[in-house]
Each structure stands twice: as C-alpha cells, then as structure tokens.
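Next up, entry-v9.tsv (TSV, C-alpha atoms):
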```
chain	number	residue	atom	x	y	z
B	7	MET	CA	43.30	-3.09	98.20
B	8	PRO	CA	43.75	-1.14	101.44
B	9	SER	CA	43.14	-3.26	104.51
B	10	THR	CA	41.90	-0.41	106.72
B	11	VAL	CA	38.31	-0.67	107.90
B	12	HIS	CA	36.04	2.21	106.83
B	13	LEU	CA	32.93	3.55	108.49
B	14	SER	CA	29.44	4.03	107.17
B	15	ASP	CA	27.65	7.37	107.54
B	16	SER	CA	26.12	6.08	110.73
B	17	GLY	CA	29.53	5.33	112.17
B	18	GLU	CA	29.06	1.56	111.92
B	19	SER	CA	32.20	-0.40	111.10
B	20	LEU	CA	31.76	-1.90	107.64
B	21	GLY	CA	34.65	-4.34	107.76
B	22	PRO	CA	36.65	-5.87	104.91
B	23	LEU	CA	35.05	-7.67	101.99
B	24	PRO	CA	35.04	-11.45	102.31
B	25	GLN	CA	37.35	-13.26	99.87
B	26	GLU	CA	34.35	-15.15	98.47
B	27	PHE	CA	33.20	-11.87	96.96
B	28	ALA	CA	36.08	-12.05	94.46
B	29	ALA	CA	34.85	-15.42	93.20
B	30	ILE	CA	31.37	-13.95	92.71
B	31	ILE	CA	32.45	-10.84	90.82
B	32	ARG	CA	35.32	-12.28	88.74
B	33	PRO	CA	33.11	-13.88	86.03
B	34	GLU	CA	31.59	-10.44	85.46
B	35	LEU	CA	34.91	-8.79	84.56
B	36	PRO	CA	35.02	-9.25	80.75
B	37	SER	CA	31.56	-7.79	80.17
B	38	LEU	CA	32.08	-5.18	82.92
B	39	ILE	CA	35.28	-3.93	81.31
B	40	LYS	CA	33.46	-3.63	77.97
B	41	GLU	CA	30.55	-1.77	79.57
B	42	ILE	CA	32.87	0.66	81.34
B	43	GLY	CA	34.66	1.32	78.04
B	44	ILE	CA	31.37	2.16	76.32
B	45	GLU	CA	30.21	4.48	79.09
B	46	VAL	CA	33.54	6.29	79.44
B	47	THR	CA	34.05	6.89	75.73
B	48	ARG	CA	30.48	8.13	75.40
B	49	ALA	CA	31.01	10.64	78.21
B	50	TYR	CA	34.59	11.58	77.21
B	51	PRO	CA	34.98	11.55	73.41
B	52	GLU	CA	38.72	12.30	73.64
B	53	TYR	CA	39.22	8.81	75.06
B	54	ALA	CA	37.19	7.26	72.23
B	55	ARG	CA	39.73	8.70	69.77
B	56	LEU	CA	42.61	7.24	71.77
B	57	LEU	CA	41.01	3.79	72.03
B	58	ASN	CA	40.53	3.69	68.27
B	59	GLY	CA	44.08	4.85	67.59
B	60	PRO	CA	47.46	3.10	67.68
B	61	TYR	CA	47.56	3.29	71.51
B	62	GLY	CA	44.18	1.63	71.96
B	63	GLN	CA	45.53	-1.75	73.05
B	64	GLY	CA	47.80	-0.21	75.70
B	65	ILE	CA	44.92	1.79	77.12
B	66	ARG	CA	42.71	-1.30	77.25
B	67	VAL	CA	45.43	-3.14	79.16
B	68	GLY	CA	45.54	-0.29	81.67
B	69	VAL	CA	41.78	-0.36	82.19
B	70	GLU	CA	41.78	-4.14	82.57
B	71	GLN	CA	44.62	-3.95	85.08
B	72	SER	CA	42.86	-1.28	87.14
B	73	ILE	CA	39.71	-3.41	87.44
B	74	SER	CA	41.38	-6.82	87.77
B	75	VAL	CA	43.75	-5.71	90.55
B	76	PHE	CA	40.78	-4.55	92.64
B	77	VAL	CA	39.26	-8.03	92.47
B	78	ASP	CA	42.67	-9.71	92.99
B	79	GLN	CA	43.24	-7.71	96.17
B	80	VAL	CA	39.83	-8.70	97.50
B	81	ALA	CA	40.89	-12.33	97.15
B	82	GLU	CA	44.44	-11.65	98.34
B	83	PRO	CA	45.14	-8.22	99.89
B	84	SER	CA	48.89	-8.56	99.24
B	85	ALA	CA	48.41	-9.22	95.49
B	86	PRO	CA	50.97	-7.21	93.47
B	87	SER	CA	49.89	-4.12	91.56
B	88	THR	CA	53.13	-3.06	89.84
B	89	LEU	CA	51.76	-3.03	86.31
B	90	ARG	CA	48.58	-1.27	87.38
B	91	ASP	CA	50.59	1.40	89.20
B	92	GLU	CA	52.71	2.10	86.14
B	93	MET	CA	49.70	2.22	83.84
B	94	CYS	CA	47.96	4.76	86.10
B	95	ARG	CA	51.09	6.93	86.21
B	96	ARG	CA	51.30	6.67	82.44
B	97	PHE	CA	47.70	7.87	82.10
B	98	GLY	CA	48.61	10.88	84.23
B	99	ARG	CA	51.71	11.63	82.17
B	100	TYR	CA	49.71	11.42	78.98
B	101	GLU	CA	47.17	13.95	80.24
B	102	ALA	CA	50.04	16.33	81.03
B	103	TYR	CA	51.63	15.89	77.61
B	104	GLU	CA	48.23	16.46	75.98
B	105	GLY	CA	47.99	19.77	77.83
B	106	ARG	CA	44.87	18.78	79.79
B	107	THR	CA	44.08	18.91	83.49
B	108	LEU	CA	43.31	15.73	85.42
B	109	GLU	CA	39.60	16.53	85.48
B	110	SER	CA	38.62	14.24	82.58
B	111	LEU	CA	40.74	11.33	83.82
B	112	GLN	CA	39.34	11.63	87.35
B	113	GLY	CA	35.84	11.80	85.91
B	114	ALA	CA	36.51	8.66	83.86
B	115	TYR	CA	37.75	6.80	86.94
B	116	ARG	CA	34.65	7.77	88.93
B	117	LEU	CA	32.29	6.94	86.08
B	118	GLY	CA	33.92	3.52	85.85
B	119	ALA	CA	33.38	3.05	89.56
B	120	ARG	CA	29.68	3.92	89.23
B	121	VAL	CA	29.26	1.40	86.41
B	122	ALA	CA	31.01	-1.24	88.56
B	123	LEU	CA	28.80	-0.42	91.52
B	124	ARG	CA	25.70	-0.74	89.37
B	125	ARG	CA	26.85	-4.18	88.23
B	126	ALA	CA	27.71	-5.21	91.82
B	127	LYS	CA	24.22	-4.33	92.97
B	128	LYS	CA	22.76	-6.51	90.24
B	129	VAL	CA	25.04	-9.40	91.22
B	130	GLY	CA	24.27	-8.78	94.88
B	131	ARG	CA	20.56	-9.26	94.32
B	132	SER	CA	21.25	-12.53	92.47
B	133	TYR	CA	23.30	-13.87	95.40
B	134	ASN	CA	21.18	-12.25	98.15
B	135	LEU	CA	24.18	-10.33	99.47
B	136	SER	CA	23.51	-8.27	102.57
B	137	PRO	CA	23.18	-4.46	102.46
B	138	THR	CA	26.19	-4.24	104.77
B	139	MET	CA	28.33	-6.17	102.29
B	140	MET	CA	27.19	-3.93	99.44
B	141	LEU	CA	28.07	-0.87	101.54
B	142	SER	CA	31.48	-2.40	102.17
B	143	PHE	CA	31.92	-2.95	98.44
B	144	ALA	CA	30.99	0.65	97.61
B	145	ASP	CA	33.30	1.97	100.31
B	146	ALA	CA	36.21	-0.19	99.16
B	147	LEU	CA	35.56	0.67	95.49
B	148	PHE	CA	35.68	4.43	95.94
B	149	ALA	CA	38.71	4.16	98.24
B	150	TYR	CA	40.34	2.21	95.40
B	151	VAL	CA	39.44	4.98	92.91
B	152	ASP	CA	41.17	7.47	95.22
B	153	GLU	CA	44.25	5.25	94.98
B	154	LEU	CA	44.11	5.23	91.16
B	155	GLU	CA	43.73	8.99	91.08
B	156	ALA	CA	46.72	9.44	93.39
B	157	LEU	CA	48.90	7.30	91.12
B	158	SER	CA	47.81	9.22	88.03
B	159	ARG	CA	48.43	12.53	89.81
B	160	GLU	CA	51.93	11.32	90.61
B	161	GLY	CA	52.63	10.68	86.91
B	162	TYR	CA	50.96	13.95	85.92
B	163	LEU	CA	53.06	16.06	88.29
B	164	ALA	CA	56.26	14.23	87.32
B	165	ALA	CA	55.61	15.08	83.67
B	166	LEU	CA	54.90	18.72	84.48
B	167	SER	CA	58.12	18.98	86.48
B	168	ARG	CA	60.19	18.29	83.37
B	169	SER	CA	60.94	21.32	81.26
B	170	GLY	CA	59.54	21.38	77.75
B	171	GLU	CA	63.05	21.47	76.34
B	172	GLN	CA	64.14	18.39	78.27
B	173	HIS	CA	61.00	16.59	77.18
B	174	GLU	CA	61.76	17.31	73.51
B	175	ILE	CA	65.34	16.10	73.96
B	176	LEU	CA	64.07	12.81	75.37
B	177	ARG	CA	61.57	12.42	72.52
B	178	ARG	CA	64.30	12.99	69.93
B	179	ARG	CA	66.48	10.47	71.72
B	180	LEU	CA	63.61	7.99	71.59
B	181	LEU	CA	63.23	8.64	67.86
B	182	HIS	CA	66.95	8.05	67.30
B	183	LEU	CA	66.82	4.75	69.18
B	184	LEU	CA	63.83	3.57	67.18
B	185	LEU	CA	65.59	4.38	63.90
B	186	ALA	CA	68.88	2.83	64.96
B	187	GLY	CA	67.36	-0.66	64.73
B	188	PRO	CA	69.21	-3.72	66.05
B	189	PRO	CA	71.35	-4.13	68.09
B	190	VAL	CA	69.73	-1.40	70.23
B	191	PRO	CA	68.03	-3.35	73.06
B	192	TRP	CA	64.26	-3.02	73.01
B	193	THR	CA	64.29	-2.55	76.79
B	194	ALA	CA	66.14	0.77	76.34
B	195	ILE	CA	63.45	1.95	73.93
B	196	ALA	CA	60.67	0.83	76.28
B	197	GLU	CA	62.27	2.62	79.25
B	198	LEU	CA	62.67	5.88	77.35
B	199	SER	CA	59.12	5.56	76.08
B	200	GLU	CA	57.97	5.31	79.70
B	201	GLN	CA	59.97	8.41	80.66
B	202	THR	CA	58.41	10.51	77.93
B	203	GLY	CA	54.90	9.16	78.31
B	204	TRP	CA	54.95	8.07	74.67
B	205	LEU	CA	53.05	4.81	74.28
B	206	LEU	CA	54.86	2.42	71.97
B	207	PRO	CA	52.56	1.60	69.03
B	208	GLU	CA	52.56	-1.71	67.18
B	209	GLN	CA	53.18	0.04	63.84
B	210	VAL	CA	54.94	3.24	62.79
B	211	THR	CA	55.33	5.18	59.55
B	212	LEU	CA	58.32	7.41	58.88
B	213	VAL	CA	58.22	10.60	56.83
B	214	ALA	CA	61.36	12.02	55.19
B	215	LEU	CA	61.43	15.82	54.82
B	216	ARG	CA	63.34	18.08	52.49
B	217	SER	CA	66.03	20.12	54.22
B	218	PRO	CA	65.70	22.78	55.50
B	219	ALA	CA	62.36	21.60	56.87
B	220	VAL	CA	59.69	23.97	58.13
B	221	LEU	CA	56.96	22.53	60.31
B	222	GLU	CA	53.91	24.23	61.78
B	223	ARG	CA	54.16	22.71	65.26
B	224	THR	CA	50.64	23.63	66.31
B	225	ASP	CA	49.28	21.45	63.50
B	226	VAL	CA	51.38	18.38	64.41
B	227	ASP	CA	49.67	15.65	66.44
B	228	ASN	CA	51.14	15.30	69.93
B	229	ASP	CA	52.08	11.66	69.38
B	230	VAL	CA	54.30	12.46	66.37
B	231	LEU	CA	58.05	12.32	67.03
B	232	ALA	CA	60.16	14.76	65.01
B	233	ASP	CA	63.78	15.72	64.41
B	234	LEU	CA	64.14	18.78	62.20
B	235	SER	CA	67.75	19.42	63.22
B	236	ASP	CA	69.02	16.26	61.50
B	237	PRO	CA	70.70	16.79	58.09
B	238	GLN	CA	67.90	14.56	56.80
B	239	PRO	CA	64.90	15.78	58.85
B	240	HIS	CA	62.14	13.29	59.52
B	241	LEU	CA	58.97	12.48	61.44
B	242	LEU	CA	57.68	9.30	63.05
B	243	ILE	CA	53.93	8.79	62.99
B	244	PRO	CA	52.37	6.04	65.14
B	245	GLY	CA	50.32	3.69	62.97
B	246	PRO	CA	49.64	4.11	59.24
B	247	VAL	CA	49.18	7.46	57.53
B	248	ASP	CA	45.42	7.46	57.09
B	249	ALA	CA	43.21	10.29	55.83
B	250	ALA	CA	43.37	12.15	59.16
B	251	ARG	CA	47.17	11.94	59.26
B	252	ARG	CA	47.32	13.11	55.64
B	253	ARG	CA	45.33	16.20	56.54
B	254	MET	CA	47.64	16.80	59.49
B	255	LEU	CA	50.73	16.56	57.28
B	256	ASP	CA	49.23	18.82	54.61
B	257	ALA	CA	48.64	21.49	57.23
B	258	ALA	CA	51.87	21.03	59.18
B	259	LEU	CA	54.41	20.74	56.37
B	260	PHE	CA	53.88	24.37	55.38
B	261	GLY	CA	55.33	23.93	51.89
B	262	THR	CA	58.09	21.49	52.86
B	263	ARG	CA	58.38	18.60	50.38
B	264	ALA	CA	58.12	15.17	52.00
B	265	ALA	CA	57.91	11.45	51.26
B	266	VAL	CA	55.94	8.97	53.36
B	267	GLY	CA	57.47	5.54	53.97
B	268	LEU	CA	55.57	2.32	54.52
B	269	PRO	CA	53.91	1.29	57.81
B	270	VAL	CA	56.08	-1.26	59.63
B	271	PRO	CA	56.35	-2.82	63.10
B	272	ALA	CA	57.96	-0.34	65.50
B	273	ALA	CA	61.13	-2.48	65.62
B	274	ASP	CA	61.53	-2.02	61.84
B	275	ALA	CA	61.25	1.77	61.80
B	276	HIS	CA	64.67	2.04	60.12
B	277	HIS	CA	63.25	0.34	57.02
B	278	SER	CA	60.38	2.82	56.71
B	279	ILE	CA	62.69	5.85	56.80
B	280	ARG	CA	65.04	4.20	54.29
B	281	TRP	CA	62.18	3.75	51.83
B	282	ALA	CA	60.93	7.29	52.44
B	283	ARG	CA	64.37	8.78	51.77
B	284	ARG	CA	64.88	6.62	48.72
B	285	THR	CA	61.54	7.89	47.37
B	286	LEU	CA	62.83	11.46	47.68
B	287	GLU	CA	65.97	10.42	45.79
B	288	LEU	CA	63.81	9.00	42.99
B	289	VAL	CA	61.99	12.33	42.84
B	290	ASP	CA	65.37	14.05	42.43
B	291	THR	CA	66.33	11.81	39.50
B	292	GLY	CA	62.99	12.25	37.77
B	293	VAL	CA	61.88	8.64	38.23
B	294	VAL	CA	59.01	9.65	40.54
B	295	PRO	CA	56.92	12.77	39.79
B	296	ASP	CA	57.44	15.62	42.23
B	297	ALA	CA	54.60	16.54	44.61
B	298	PRO	CA	54.29	18.20	48.04
B	299	LEU	CA	53.73	14.78	49.62
B	300	VAL	CA	54.87	11.61	47.84
B	301	LEU	CA	53.84	8.15	49.07
B	302	ALA	CA	56.31	5.27	48.80
B	303	GLU	CA	53.27	2.99	48.59
B	304	ASP	CA	52.55	4.40	45.13
B	305	HIS	CA	56.03	3.58	43.79
B	306	LEU	CA	56.90	0.12	45.10
B	307	VAL	CA	58.07	-1.27	41.75
B	308	GLN	CA	60.45	1.63	41.23
B	309	LEU	CA	61.75	1.34	44.80
B	310	TRP	CA	62.42	-2.37	44.37
B	311	LEU	CA	63.94	-2.31	40.88
B	312	LEU	CA	66.17	0.67	41.66
B	313	SER	CA	67.00	-0.22	45.26
B	314	ASP	CA	70.65	-1.03	44.42
B	315	PRO	CA	71.81	0.87	41.32
B	316	GLY	CA	75.30	-0.63	41.40
B	317	LEU	CA	74.00	-4.17	41.49
B	318	LEU	CA	71.53	-3.34	38.74
B	319	ASP	CA	74.40	-2.04	36.56
B	320	HIS	CA	76.23	-5.34	37.04
B	321	LEU	CA	73.11	-7.30	36.12
B	322	ALA	CA	72.64	-5.16	33.00
B	323	ALA	CA	76.25	-5.68	31.98
B	324	ARG	CA	75.86	-9.44	32.37
B	325	GLU	CA	72.57	-9.74	30.50
B	326	LEU	CA	73.02	-7.09	27.81
B	327	GLY	CA	76.80	-7.05	27.66
B	328	PRO	CA	76.96	-8.89	24.30
B	329	LEU	CA	75.12	-5.92	22.76
B	330	ALA	CA	77.73	-3.42	23.91
B	331	ALA	CA	79.90	-3.84	20.76
B	332	LEU	CA	77.07	-2.64	18.53
B	333	THR	CA	76.56	0.94	17.45
B	334	PRO	CA	74.15	2.85	19.75
B	335	THR	CA	71.49	3.05	17.02
B	336	ARG	CA	71.57	-0.65	16.22
B	337	ARG	CA	71.72	-1.59	19.89
B	338	ASP	CA	68.67	0.55	20.70
B	339	ARG	CA	66.67	-1.01	17.86
B	340	LEU	CA	67.52	-4.53	19.00
B	341	VAL	CA	66.69	-3.67	22.62
B	342	ASP	CA	63.29	-2.23	21.59
B	343	THR	CA	62.58	-5.39	19.62
B	344	LEU	CA	63.70	-7.58	22.52
B	345	ARG	CA	61.48	-5.68	24.95
B	346	THR	CA	58.46	-6.05	22.65
B	347	TRP	CA	59.08	-9.78	22.24
B	348	LEU	CA	59.41	-10.31	26.00
B	349	ASP	CA	56.21	-8.33	26.63
B	350	THR	CA	54.06	-9.95	23.94
B	351	ARG	CA	55.68	-13.17	22.62
B	352	GLY	CA	53.85	-12.02	19.50
B	353	THR	CA	54.24	-12.87	15.83
B	354	ALA	CA	56.44	-10.83	13.55
B	355	ALA	CA	53.33	-9.11	12.19
B	356	GLN	CA	52.05	-8.20	15.66
B	357	MET	CA	55.44	-6.95	16.79
B	358	GLY	CA	55.94	-5.05	13.56
B	359	GLU	CA	52.70	-3.19	14.17
B	360	LEU	CA	53.80	-2.24	17.70
B	361	LEU	CA	57.27	-1.18	16.54
B	362	ALA	CA	56.00	0.52	13.39
B	363	VAL	CA	58.29	-1.55	11.16
B	364	HIS	CA	57.80	-4.24	8.50
B	365	PRO	CA	57.43	-7.84	9.82
B	366	GLN	CA	60.50	-8.80	7.80
B	367	THR	CA	62.49	-6.22	9.79
B	368	VAL	CA	61.29	-7.86	12.99
B	369	ARG	CA	62.45	-11.28	11.76
B	370	TYR	CA	65.82	-9.85	10.83
B	371	ARG	CA	66.27	-8.27	14.25
B	372	MET	CA	65.17	-11.43	16.07
B	373	ARG	CA	67.73	-13.48	14.10
B	374	ASN	CA	70.37	-10.96	15.19
B	375	LEU	CA	69.27	-11.28	18.84
B	376	GLU	CA	69.33	-15.07	18.65
B	377	SER	CA	72.86	-15.02	17.28
B	378	ILE	CA	74.06	-12.61	19.99
B	379	ILE	CA	72.13	-13.68	23.15
B	380	GLY	CA	70.19	-16.71	21.94
B	381	ASP	CA	71.15	-18.95	24.89
B	382	GLN	CA	69.73	-16.43	27.35
B	383	LEU	CA	66.35	-16.28	25.60
B	384	VAL	CA	65.66	-20.01	26.11
B	385	ASP	CA	66.63	-19.96	29.81
B	386	ALA	CA	63.67	-18.85	31.96
B	387	GLU	CA	65.80	-17.38	34.74
B	388	ARG	CA	68.03	-15.42	32.36
B	389	ARG	CA	64.96	-14.24	30.46
B	390	PHE	CA	63.45	-12.94	33.70
B	391	ALA	CA	66.71	-11.14	34.52
B	392	ILE	CA	66.64	-9.43	31.12
B	393	GLU	CA	63.05	-8.33	31.72
B	394	LEU	CA	64.06	-6.79	35.06
B	395	VAL	CA	66.95	-4.93	33.45
B	396	LEU	CA	64.79	-3.57	30.66
B	397	ARG	CA	62.05	-2.44	33.04
B	398	ALA	CA	64.64	-0.68	35.20
B	399	ARG	CA	66.13	0.85	32.03
B	400	ASP	CA	62.71	2.32	31.23
B	401	LEU	CA	62.49	3.83	34.72
B	402	ARG	CA	65.93	5.41	34.79
B	403	PRO	CA	66.37	8.51	32.65
B	404	ARG	CA	70.13	7.93	32.68
B	405	GLY	CA	72.51	5.11	33.64
B	406	LEU	CA	71.36	1.99	31.82
B	407	ALA	CA	70.32	4.02	28.81
B	408	GLU	CA	73.97	4.94	28.41
B	409	GLY	CA	75.24	1.40	28.91
B	410	PRO	CA	74.52	-1.87	27.09
```
Structure rendered as structure tokens:
Amino acid sequence: MPSTVHLSDSGESLGPLPQEFAAIIRPELPSLIKEIGIEVTRAYPEYARLLNGPYGQGIRVGVEQSISVFVDQVAEPSAPSTLRDEMCRRFGRYEAYEGRTLESLQGAYRLGARVALRRAKKVGRSYNLSPTMMLSFADALFAYVDELEALSREGYLAALSRSGEQHEILRRRLLHLLLAGPPVPWTAIAELSEQTGWLLPEQVTLVALRSPAVLERTDVDNDVLADLSDPQPHLLIPGPVDAARRRMLDAALFGTRAAVGLPVPAADAHHSIRWARRTLELVDTGVVPDAPLVLAEDHLVQLWLLSDPGLLDHLAARELGPLAALTPTRRDRLVDTLRTWLDTRGTAAQMGELLAVHPQTVRYRMRNLESIIGDQLVDAERRFAIELVLRARDLRPRGLAEGP
C-alpha cells in the first residue's frame, strides 16, 4: 500500500494506518470477499456469468488477491503484490478482448471498496476505533482502488495495442500448444495464455469440424479457440459443452458437420480432439448415424471397440480363425449361434426360438462349435475376447464381416 500520507478535506494530516489494524480486519476477509462477490455480481450481471463459468476460480483468486494484498500491505508496506498486479492486468486485458470499456470493471472495483468500507465501519464500532483512523482507512482504501484501476488500465491498453490479426495468431498458437500434449512444457502454455488474456480453464472440450469448415464468427463465444485453416479444422471450448454451448454451436456452425469430443483436463486436450475426429470417421463408415452435431459421449462403446481396427482384426483372427476354413454360409450360421449362446446361455429350445430354427439344429451347431473352438468356450478370458470380437463385428458394416 502506498506509504504517502494523505490529507482530509480539512487539510489535516491523516497519517498511515497502524499495523494493528491488519490484525483486526484480517478475520473479516473470508466473509467480506463473499459479500463483495454477491454485491458485484448483482450490480454487474456480466461478471456473474463469468464467475459461474470455467474461469470462475481464476476470477475468485484475483478478487481474493486484490483484497488480501491491501491488508498485507497495512501490516507490512513492502509486502509483495506480483500476483495481484498480474491478475489486475489480466482483468483489463479480458475487458478489451470482450470488446467492453473499463467502465464496468472500474465500477466493480469501487463497489467492492464501498462494501469494504461499510464492513470496516462496523468493525470500527466494535473496537471503538477513532474517527481519524476510519478516515485514514477510507483514504487508503480508495487510493488502493486507484492503484488497481491503473494496473487494469495497463493491461487493457496493452491488449488494444495488439492488432486483431496478431491476437488471432497468438490464440491459434495457444490452441496448437494445447493440442500438442506432452512434452510441451506447461509453462509455455501458461505464458501464451497470459499474453492473449485467455484464462486457462480446468477442463476443455474439443470439436472436430468437417472441411471446408464455415463458422459464423459473430455467434462464437469469445473464449472459444478456433483453427479453421487446419486440414482438420477444430474448436476448443473451455469446460463441457452444456446446453448454452450447444446452442452456440448450432448457430455458429452454419451447416458445417461436427463432432464433439469428451471434456478432459486442459493438459489432455489432445485426447478430446482424437475422440472427436474418430467419431467423424465412424460417421463416414456408417457405424455412427450422421447428424449436424454428433456427440462422442453418445458412442463410447463404438469408440472403444473400434479404436484400433488393426488390432481388432488380429484379435478376430485369433479367436475366430478356426472358422475360416468353413464356407461363408456355414460360418455365418455358426457365428450367429455362438453369439446367441454368449448373450443368453439359453437352452436349445430358447436359442432355437431366437434363431428361428429347430432346437435340434441348435444342438447340432453347438456340437460343431465345441469341436472347432471348444477350448475357448470354457476359458473365461477367451470367451470375453470372442464376445468383444462379435460385438465389434456387429458394429462394422465391413471388415470383420468379410473375415473369420
């Protein structure tokens, strides 16, 4: 906190706050921070949306830092404020990237100061603090708010000084780093995030787009990172794709087909885009029904079973290989019977009803299966492997259906 002595309206020197004041006000901080949050979000609804979004925790840290540093500097004027300074600059950058003036942010700072002053007066009465000390507190508090506003203005002007094109280049670079995964150092991602004013969320969801992708930019949320120039265009959405994000995508995609990956920690963004792109591939092969927006969440079994087609082919050859020497018709009948047995463990009569054949035919087929792959049917692990192969065979319109 500045060490200069301020004057009251009467010209009387107010003097610095005594260090004991910090000990008095510090226990009030948790509830004071909560009260300021309630008052600010009520007066400025745009900040309520941010606090409830993926950046909420980062914003809360910034508010806590702004208030805590004030008290710290009362106790120790040389207390460091590095984190607070960066958070205030970040708030300013964010206002610039949102296309707003600093009016709302400055109003929020001043409203917070008024709430703090109201609490200090209440505490002052409890401790019988002198009017002069309360004047000193008010003077120091609003001088501190001026300092916060100056830091935020610094970040705001720095953001405005960058051209829009350069800003987009940096955001695409950030997106590329996030998708690169290890061994990209997380510090590089954090630094670039700071430069762009993009607050790193805890979770992200990637969206794979059909190429060529068309996007209605005015409908895209400002916190969404995008690269439409990539051969496989994609978007990064902070947090999960909830109902509001779905509406945004429906409006912004403008007829472009897309697949939504799964929400993952930001460090695992490369997994989310891999699942999203694989979902589009499954649409291409007819495994997953086509739609303007397909969710990987709705097709997890298909994604897992068909995640490695080559490996699945090897597993099928190992488990169903003994059937390969049979004619296609006979092999298909035995496979249908095997699938029904694995699914139901039913009697010949029950299986016959499901297969639309006589129970004696079922017994005949089962004897054939026992003579060909009998050892595998009594081994639980091999039996499970066969079930996986058959379920994957049902999903794939080609491939396994042409093999064993």
Residues near Asp225 of chain B, anyone? I mean within 8 Å using only C-alpha atoms, not counting same-chain ones fewer than 2 positions away, as a ChimeraX atom specification. /B:222-223,227,254,257-258
Atom CA of Val230 of chain B sits from atom CA of Tyr162 of chain B at a separation of 19.9 Å
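Of the residues under consideration (B:Glu45, B:Tyr115, B:Val395, B:Thr262), B:Tyr115 shows the shortest atom-to-atom contact distance to Glu153 of chain B when counting all atoms listed in the file.
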What separates atom CA of Leu185 of chain B and atom CA of Ala275 of chain B is a distance of 5.5 Å
- Near segment 304-316 of chain B, counting all atoms listed in the file, which residues have an atom at most 9 Å away, once you skip same-chain residues fewer than 6 positions from it, shown as an MDAnalysis selection string? chainID B and resid 281 284:285 288 293:294 394:395 397:398 401:402 405
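Interatomic distance, atom CA of Pro188 of chain B against atom CA of Ala273 of chain B: 8.2 Å.
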Please report, as AutoDock Vina command-line options, the centre and edge lengths in Å to one decimal of an axis-aligned box covering all listed atoms of segment 219-233 of chain B with 6 Å per side.
```
--center_x 56.5 --center_y 17.9 --center_z 63.4 --size_x 26.5 --size_y 24.6 --size_z 25.1
```
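Surrounding residues of (37.5, 5.3, 88.5) at most 8 Å away are Gln112, Gly113, Ala114, Tyr115, Arg116, Leu117, Gly118, Ala119, Arg120, Phe148, Val151, Asp152, Leu154 and Glu155 of chain B (based on only C-alpha atoms).
With only C-alpha atoms taken into account, the protein and nucleic acid residues at most 8 Å from Val368 of chain B (excluding it and anything under 5 positions from it in its own chain) are Thr343, Ala354, Met357, Gly358 and Val363 of chain B.
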Between B:Phe76, B:Tyr370, B:Phe97, B:Trp347, smallest distance to Gln25 of chain B by all atoms listed in the file belongs to B:Phe76
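Close contacts of Ser87 of chain B, defined as residues with an atom at most 9 Å away when counting all atoms listed in the file, with chain neighbours fewer than 5 positions off set aside, comprise Gln71, Ser72, Val75, Gln79 and Glu92 of chain B.
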Take the selection from the previous step and output its residues with C-alpha atoms, as a short mmCIF file (atom, residue, chain, number, x, y, z; two decimals), keeping the file's coordinate frame.
```cif
data_model
loop_
_atom_site.label_atom_id
_atom_site.label_comp_id
_atom_site.auth_asym_id
_atom_site.auth_seq_id
_atom_site.Cartn_x
_atom_site.Cartn_y
_atom_site.Cartn_z
CA GLN B 71 44.62 -3.95 85.08
CA SER B 72 42.86 -1.28 87.14
CA VAL B 75 43.75 -5.71 90.55
CA GLN B 79 43.24 -7.71 96.17
CA GLU B 92 52.71 2.10 86.14
#
```
Give me the residues near His240 of chain B as a tab-separated table (two decimals) with C-alpha atoms, in the frame of the given file, where near means some atom within 7 Å (using all atoms listed in the file) and where sequence neighbours in that chain fewer than 4 positions away do not count.
```
chain	number	residue	atom	x	y	z
B	213	VAL	CA	58.22	10.60	56.83
B	214	ALA	CA	61.36	12.02	55.19
B	215	LEU	CA	61.43	15.82	54.82
B	232	ALA	CA	60.16	14.76	65.01
B	233	ASP	CA	63.78	15.72	64.41
B	234	LEU	CA	64.14	18.78	62.20
```
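For the residues B:Leu176, B:Leu147, B:Ile73, B:Ile31, ranking by smallest atom-to-atom distance to Tyr133 of chain B using all atoms listed in the file places B:Ile31 first.
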Could you give me, as a PDB file with C-alpha atoms, in the coordinates of the input, the residues that have an atom at most 12 Å away from the point (50.2, 8.4, 89.8) in the coordinates of the file, using only C-alpha atoms?
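Once everything was written out, this is result30.pdb:
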```
ATOM      1  CA  THR B  88      53.130  -3.060  89.840  1.00  0.00           C
ATOM      2  CA  ARG B  90      48.580  -1.270  87.380  1.00  0.00           C
ATOM      3  CA  ASP B  91      50.590   1.400  89.200  1.00  0.00           C
ATOM      4  CA  GLU B  92      52.710   2.100  86.140  1.00  0.00           C
ATOM      5  CA  MET B  93      49.700   2.220  83.840  1.00  0.00           C
ATOM      6  CA  CYS B  94      47.960   4.760  86.100  1.00  0.00           C
ATOM      7  CA  ARG B  95      51.090   6.930  86.210  1.00  0.00           C
ATOM      8  CA  ARG B  96      51.300   6.670  82.440  1.00  0.00           C
ATOM      9  CA  PHE B  97      47.700   7.870  82.100  1.00  0.00           C
ATOM     10  CA  GLY B  98      48.610  10.880  84.230  1.00  0.00           C
ATOM     11  CA  ARG B  99      51.710  11.630  82.170  1.00  0.00           C
ATOM     12  CA  TYR B 100      49.710  11.420  78.980  1.00  0.00           C
ATOM     13  CA  GLU B 101      47.170  13.950  80.240  1.00  0.00           C
ATOM     14  CA  ALA B 102      50.040  16.330  81.030  1.00  0.00           C
ATOM     15  CA  LEU B 108      43.310  15.730  85.420  1.00  0.00           C
ATOM     16  CA  LEU B 111      40.740  11.330  83.820  1.00  0.00           C
ATOM     17  CA  GLN B 112      39.340  11.630  87.350  1.00  0.00           C
ATOM     18  CA  VAL B 151      39.440   4.980  92.910  1.00  0.00           C
ATOM     19  CA  ASP B 152      41.170   7.470  95.220  1.00  0.00           C
ATOM     20  CA  GLU B 153      44.250   5.250  94.980  1.00  0.00           C
ATOM     21  CA  LEU B 154      44.110   5.230  91.160  1.00  0.00           C
ATOM     22  CA  GLU B 155      43.730   8.990  91.080  1.00  0.00           C
ATOM     23  CA  ALA B 156      46.720   9.440  93.390  1.00  0.00           C
ATOM     24  CA  LEU B 157      48.900   7.300  91.120  1.00  0.00           C
ATOM     25  CA  SER B 158      47.810   9.220  88.030  1.00  0.00           C
ATOM     26  CA  ARG B 159      48.430  12.530  89.810  1.00  0.00           C
ATOM     27  CA  GLU B 160      51.930  11.320  90.610  1.00  0.00           C
ATOM     28  CA  GLY B 161      52.630  10.680  86.910  1.00  0.00           C
ATOM     29  CA  TYR B 162      50.960  13.950  85.920  1.00  0.00           C
ATOM     30  CA  LEU B 163      53.060  16.060  88.290  1.00  0.00           C
ATOM     31  CA  ALA B 164      56.260  14.230  87.320  1.00  0.00           C
ATOM     32  CA  ALA B 165      55.610  15.080  83.670  1.00  0.00           C
TER      33      ALA B 165
END
```
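Closest to Thr353 of chain B among B:Gly267, B:Gly203, B:Gly380, B:Pro365 is B:Pro365, based on all atoms listed in the file.
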In terms of only C-alpha atoms, the residue from B:Arg106, B:Arg131, B:Arg388, B:Arg280 at minimal distance from Gln238 of chain B is B:Arg280
